[in-house]
$ cat target16.cif   # mmCIF, C-alpha atoms and all ligand atoms
data_coords
#
loop_
_atom_site.label_atom_id
_atom_site.label_comp_id
_atom_site.auth_asym_id
_atom_site.auth_seq_id
_atom_site.Cartn_x
_atom_site.Cartn_y
_atom_site.Cartn_z
CA MET A 220 84.33 102.85 36.04
CA ASP A 221 84.51 102.19 32.31
CA THR A 222 81.62 100.55 30.51
CA LEU A 223 83.14 97.10 30.00
CA THR A 224 84.29 96.90 33.60
CA ALA A 225 80.78 97.81 34.77
CA LEU A 226 79.23 95.18 32.47
CA ASN A 227 81.71 92.49 33.47
CA THR A 228 81.66 93.05 37.22
CA ARG A 229 77.98 93.79 37.95
CA VAL A 230 76.38 91.54 40.53
CA SER A 231 73.00 91.67 42.19
CA VAL A 232 72.92 92.85 45.78
CA ALA A 233 70.15 91.29 47.80
CA ARG A 234 70.88 92.99 51.13
CA LEU A 235 70.54 96.74 50.79
CA THR A 236 70.57 99.48 53.34
CA GLU A 237 70.45 103.27 53.70
CA PRO A 238 71.29 105.57 52.13
CA GLY A 239 69.48 105.08 48.87
CA PRO A 240 70.52 106.81 45.67
CA SER A 241 70.27 110.58 45.67
CA ALA A 242 67.67 112.33 43.52
CA ASP A 243 70.42 113.13 41.02
CA GLN A 244 71.54 109.50 40.94
CA VAL A 245 67.96 108.28 40.41
CA ARG A 246 67.74 110.65 37.48
CA GLN A 247 71.00 109.28 36.08
CA LEU A 248 69.64 105.74 36.36
CA LEU A 249 66.47 106.69 34.53
CA ALA A 250 68.44 108.58 31.88
CA ALA A 251 70.46 105.39 31.27
CA ALA A 252 67.23 103.36 31.18
CA ILE A 253 65.66 105.40 28.43
CA ARG A 254 68.68 104.87 26.17
CA ALA A 255 67.70 101.22 25.79
CA PRO A 256 66.97 100.03 22.25
CA ASP A 257 63.29 100.26 21.37
CA HIS A 258 61.83 98.82 18.15
CA GLY A 259 59.49 101.36 16.59
CA MET A 260 60.45 104.09 19.07
CA LEU A 261 57.34 103.25 21.04
CA ARG A 262 58.96 104.25 24.31
CA PRO A 263 57.09 101.55 26.25
CA TRP A 264 58.89 102.14 29.55
CA ARG A 265 57.16 103.68 32.54
CA PHE A 266 58.75 103.99 35.98
CA LEU A 267 57.43 104.44 39.50
CA VAL A 268 60.10 105.63 41.93
CA LEU A 269 59.17 104.62 45.47
CA GLU A 270 61.14 106.06 48.37
CA GLY A 271 60.51 106.61 52.07
CA GLU A 272 56.84 106.26 52.99
CA GLU A 273 55.84 105.70 49.35
CA ARG A 274 57.24 102.18 49.75
CA GLU A 275 54.55 101.51 52.35
CA ARG A 276 51.94 101.94 49.65
CA LEU A 277 53.61 99.08 47.79
CA GLY A 278 53.57 97.18 51.09
CA ASP A 279 49.79 97.85 51.29
CA ILE A 280 49.38 96.32 47.83
CA MET A 281 51.49 93.29 48.80
CA GLU A 282 49.43 92.75 51.98
CA TRP A 283 46.13 93.26 50.15
CA ARG A 284 47.16 90.64 47.58
CA LEU A 285 48.17 88.21 50.34
CA LEU A 286 44.79 88.62 52.05
CA ARG A 287 42.95 88.12 48.81
CA ARG A 288 44.70 84.79 48.28
CA GLN A 289 44.92 83.76 51.93
CA PRO A 290 42.21 85.51 53.96
CA GLU A 291 43.34 83.58 57.05
CA ALA A 292 46.94 84.95 56.91
CA ASP A 293 48.07 85.91 60.42
CA GLN A 294 49.65 89.18 61.50
CA CYS A 295 53.15 87.71 61.22
CA ALA A 296 52.61 86.78 57.56
CA ARG A 297 51.07 90.19 56.93
CA ASP A 298 54.04 91.98 58.52
CA ASN A 299 56.50 89.81 56.60
CA ILE A 300 54.98 90.65 53.27
CA ARG A 301 54.70 94.36 54.08
CA ASN A 302 58.37 94.39 55.07
CA LYS A 303 59.35 93.20 51.60
CA ALA A 304 58.58 96.69 50.35
CA LEU A 305 61.04 98.06 52.91
CA ARG A 306 63.94 95.82 51.87
CA ALA A 307 65.71 98.72 50.22
CA PRO A 308 65.63 102.51 50.51
CA THR A 309 64.45 102.94 46.92
CA ILE A 310 62.42 100.79 44.55
CA ILE A 311 61.98 101.54 40.88
CA VAL A 312 59.01 99.69 39.42
CA ALA A 313 59.51 99.28 35.67
CA VAL A 314 56.40 98.65 33.59
CA ALA A 315 55.95 98.07 29.87
CA GLU A 316 52.97 100.11 28.72
CA ILE A 317 52.03 98.06 25.69
CA THR A 318 50.89 99.63 22.41
CA GLU A 319 48.38 97.10 21.15
CA GLY A 320 47.79 96.31 17.47
CA HIS A 321 51.21 97.62 16.49
CA LYS A 322 53.53 95.82 14.07
CA VAL A 323 56.05 95.66 16.92
CA PRO A 324 54.67 92.80 19.00
CA ALA A 325 54.10 93.05 22.73
CA TRP A 326 57.01 90.72 23.52
CA GLU A 327 59.44 93.09 21.82
CA GLN A 328 58.03 96.00 23.81
CA VAL A 329 58.53 94.03 27.03
CA LEU A 330 62.09 93.20 25.97
CA ALA A 331 62.80 96.89 25.41
CA VAL A 332 61.77 97.59 29.00
CA GLY A 333 63.91 94.63 30.11
CA ALA A 334 66.84 96.29 28.37
CA ALA A 335 65.97 99.54 30.16
CA VAL A 336 66.05 97.70 33.49
CA GLN A 337 69.42 96.19 32.65
CA ASN A 338 70.71 99.69 31.90
CA ILE A 339 69.56 100.69 35.39
CA MET A 340 71.36 97.67 36.87
CA VAL A 341 74.64 98.45 35.14
CA ALA A 342 74.43 102.20 35.73
CA ALA A 343 73.73 101.57 39.43
CA HIS A 344 76.79 99.34 39.68
CA ALA A 345 78.93 101.97 37.94
CA LEU A 346 77.73 104.53 40.50
CA GLY A 347 78.49 102.23 43.44
CA ILE A 348 74.79 101.65 44.16
CA GLY A 349 73.61 98.13 45.00
CA ALA A 350 70.70 96.83 42.94
CA MET A 351 68.50 93.74 42.74
CA TRP A 352 65.95 93.03 40.00
CA ARG A 353 62.93 91.15 41.32
CA THR A 354 59.61 90.12 39.87
CA GLY A 355 57.82 87.27 41.62
CA ASP A 356 54.08 86.59 41.52
CA LEU A 357 53.36 90.23 42.17
CA ALA A 358 54.54 91.17 38.68
CA ASN A 359 51.99 88.91 37.01
CA ASP A 360 48.90 89.81 38.97
CA GLU A 361 46.37 91.83 37.00
CA THR A 362 44.82 93.42 40.04
CA VAL A 363 48.26 94.52 41.25
CA LYS A 364 48.85 96.12 37.86
CA ALA A 365 45.63 98.06 38.27
CA ARG A 366 46.66 99.24 41.72
CA LEU A 367 49.95 100.43 40.26
CA GLY A 368 47.96 102.44 37.72
CA PHE A 369 48.29 100.18 34.67
CA ALA A 370 45.99 98.14 32.44
CA ASP A 371 45.73 94.38 31.90
CA LYS A 372 47.61 94.62 28.61
CA ASP A 373 50.65 96.14 30.35
CA GLN A 374 53.45 94.14 31.92
CA VAL A 375 55.33 94.76 35.14
CA VAL A 376 58.92 94.02 34.10
CA GLY A 377 60.67 94.47 37.41
CA PHE A 378 60.86 95.83 40.88
CA VAL A 379 64.41 97.17 41.07
CA TYR A 380 65.56 97.44 44.67
CA LEU A 381 68.31 100.02 45.17
CA GLY A 382 70.49 101.09 48.07
CA THR A 383 73.86 100.78 49.71
CA PRO A 384 75.23 97.21 49.74
CA ALA A 385 74.91 95.88 53.30
CA GLY A 386 78.14 93.85 52.98
CA ALA A 387 80.83 92.92 50.51
CA LEU A 388 79.68 92.27 46.97
CA LYS A 389 79.38 88.58 46.14
CA ASN A 390 82.07 86.92 44.03
CA LEU A 391 81.70 86.84 40.29
CA PRO A 392 80.71 83.44 38.92
CA ASP A 393 83.49 81.49 37.20
CA GLU A 394 81.83 81.21 33.79
CA GLN A 395 83.22 81.33 30.28
CA PRO A 396 81.24 82.73 27.35
CA GLU A 397 82.22 79.69 25.24
CA THR A 398 79.88 77.58 27.41
CA PHE A 399 76.94 79.28 25.78
CA LEU A 400 78.09 79.07 22.17
CA ARG A 401 76.18 76.82 19.78
CA GLU A 402 76.72 75.92 16.12
CA LEU A 403 74.17 76.79 13.46
CA PRO A 404 72.53 73.47 12.48
CA ARG A 405 73.34 72.35 8.93
CA GLY A 406 70.43 72.77 6.51
CA ARG A 407 68.70 69.72 4.99
CA ASP A 408 70.13 70.54 1.55
CA GLU A 409 73.77 70.48 2.65
C1 LIG B 501 63.26 89.33 34.94
C2 LIG B 501 63.98 88.89 36.19
C3 LIG B 501 63.25 88.68 37.34
C4 LIG B 501 63.88 88.26 38.51
N1 LIG B 501 63.13 88.07 39.64
C5 LIG B 501 63.72 87.67 40.77
C6 LIG B 501 62.98 87.52 41.96
O1 LIG B 501 61.77 87.75 42.01
N2 LIG B 501 63.63 87.10 43.07
C7 LIG B 501 64.98 86.81 43.05
O2 LIG B 501 65.52 86.42 44.08
N3 LIG B 501 65.73 86.98 41.93
C8 LIG B 501 65.13 87.41 40.80
N4 LIG B 501 65.87 87.58 39.66
C9 LIG B 501 67.29 87.20 39.65
C10 LIG B 501 68.19 88.24 40.29
O3 LIG B 501 67.84 89.54 39.89
C11 LIG B 501 69.67 88.01 39.92
O4 LIG B 501 69.89 88.27 38.56
C12 LIG B 501 70.16 86.60 40.22
O5 LIG B 501 70.05 86.40 41.60
C13 LIG B 501 71.58 86.36 39.74
O6 LIG B 501 72.46 87.25 40.35
P1 LIG B 501 73.46 88.15 39.50
O7 LIG B 501 72.62 89.22 38.85
O8 LIG B 501 74.42 88.69 40.53
O9 LIG B 501 74.13 87.26 38.50
C14 LIG B 501 65.27 88.05 38.51
C15 LIG B 501 66.01 88.30 37.33
C16 LIG B 501 65.38 88.72 36.20
C17 LIG B 501 66.19 89.00 34.95
#
$ encode --input "target16.cif" --output "structure tokens"
Amino acid sequence: MDTLTALNTRVSVARLTEPGPSADQVRQLLAAAIRAPDHGMLRPWRFLVLEGEERERLGDIMEWRLLRRQPEADQCARDNIRNKALRAPTIIVAVAEITEGHKVPAWEQVLAVGAAVQNIMVAAHALGIGAMWRTGDLANDETVKARLGFADKDQVVGFVYLGTPAGALKNLPDEQPETFLRELPRGRDE
């Protein structure tokens, strides 16, 4: 698939099944990720690749967080949240490891990792792998960050769920780029 076709036809795939990407494909996704633009060459991206039983450790973190917020949560709620980590054969957790006090501000470092995630999304599509970028509350919880091995200053940018699409890909939205065009406002002196 050529680059423009991949960019123009990518869709998220929420329902994913086995098999997940091969080790070689995961490496290709990460290789695409690290070609994202990065102001200052800080290389802020860090990735956790969770497959097989490793995903259950993410499920442990999800359940632990649920119990911290809702100690009365019943077994059904606990199972539901744990199962979220098993929604796909492979999960890549993308984290921005922020260099503090640098002239490149933190938001630009987070954007660079966002661009890396988008590279993963497009590369996955080009390889025929289904992908869904999720964040949710989990991404903004400091204690979750610590359990993933990161500091408060760092930012979880996405949980990228990867696998084989469980059905047909959804239709592309009928949108035109012109919808999003704006005119530069005229200056006060004009
Ligand atoms: C930073 C970011 C976080 C997202 N988090 C979630 C999420 O937690 N749950 C969700 O259902 N969709 C989430 N989405 C949206 C989906 O990944 C997806 O882009 C959206 O459903 C639109 O589908 P499309 O990619 O096929 O256009 C997120 C997207 C971005 C860019």
$ residues_around --input "target16.cif" --residues "Thr383 in chain A" --least-positions-apart "4" --cutoff "6 Å" --atoms "only C-alpha atoms" --output "VMD selection string"
chain A and resid 235 to 238 348 to 349
$ write_last_selection --input "target16.cif" --atoms "C-alpha atoms" --output "tab-separated table (two decimals), in the coordinates of the input"
chain	number	residue	atom	x	y	z
A	235	LEU	CA	70.54	96.74	50.79
A	236	THR	CA	70.57	99.48	53.34
A	237	GLU	CA	70.45	103.27	53.70
A	238	PRO	CA	71.29	105.57	52.13
A	348	ILE	CA	74.79	101.65	44.16
A	349	GLY	CA	73.61	98.13	45.00
$ residues_near_ligand --input "target16.cif" --ligand "ligand LIG 501 (chain B)" --cutoff "8 Å" --atoms "all atoms listed in the file" --output "list in words"
Arg229, Val230, Ser231, Val232, Ala233, Gly333, Met351, Trp352, Arg353, Thr354, Gly355, Asp356, Val376, Gly377, Lys389, Leu391 and Pro392 of chain A
$ closest_atom_pairs --input "target16.cif" --of "range 303-369 of chain A" --to "range 271-276 of chain A" --cutoff "8 Å" --atoms "all atoms listed in the file" --output "tab-separated table"
residue	atom	partner	partner_atom	distance
A:Ala304	CA	A:Arg274	CA	5.7
A:Leu305	CA	A:Arg274	CA	6.4
A:Pro308	CA	A:Gly271	CA	6.7
A:Thr309	CA	A:Gly271	CA	7.5
A:Ile310	CA	A:Arg274	CA	7.5
$ axis_aligned_box --input "target16.cif" --around "range 309-316 of chain A" --padding-each-side "3 Å" --output "AutoDock Vina command-line options"
--center_x 58.7 --center_y 100.5 --center_z 37.8 --size_x 17.5 --size_y 10.9 --size_z 24.2
$ atom_distance --input "target16.cif" --atom1 "CA of Ala251 in chain A" --atom2 "CA of Pro396 in chain A"
25.4 Å
$ atom_distance --input "target16.cif" --atom1 "CA of Leu249 in chain A" --atom2 "CA of Asp221 in chain A"
18.7 Å
$ atom_distance --input "target16.cif" --atom1 "CA of Gly278 in chain A" --atom2 "CA of Asn302 in chain A"
6.8 Å
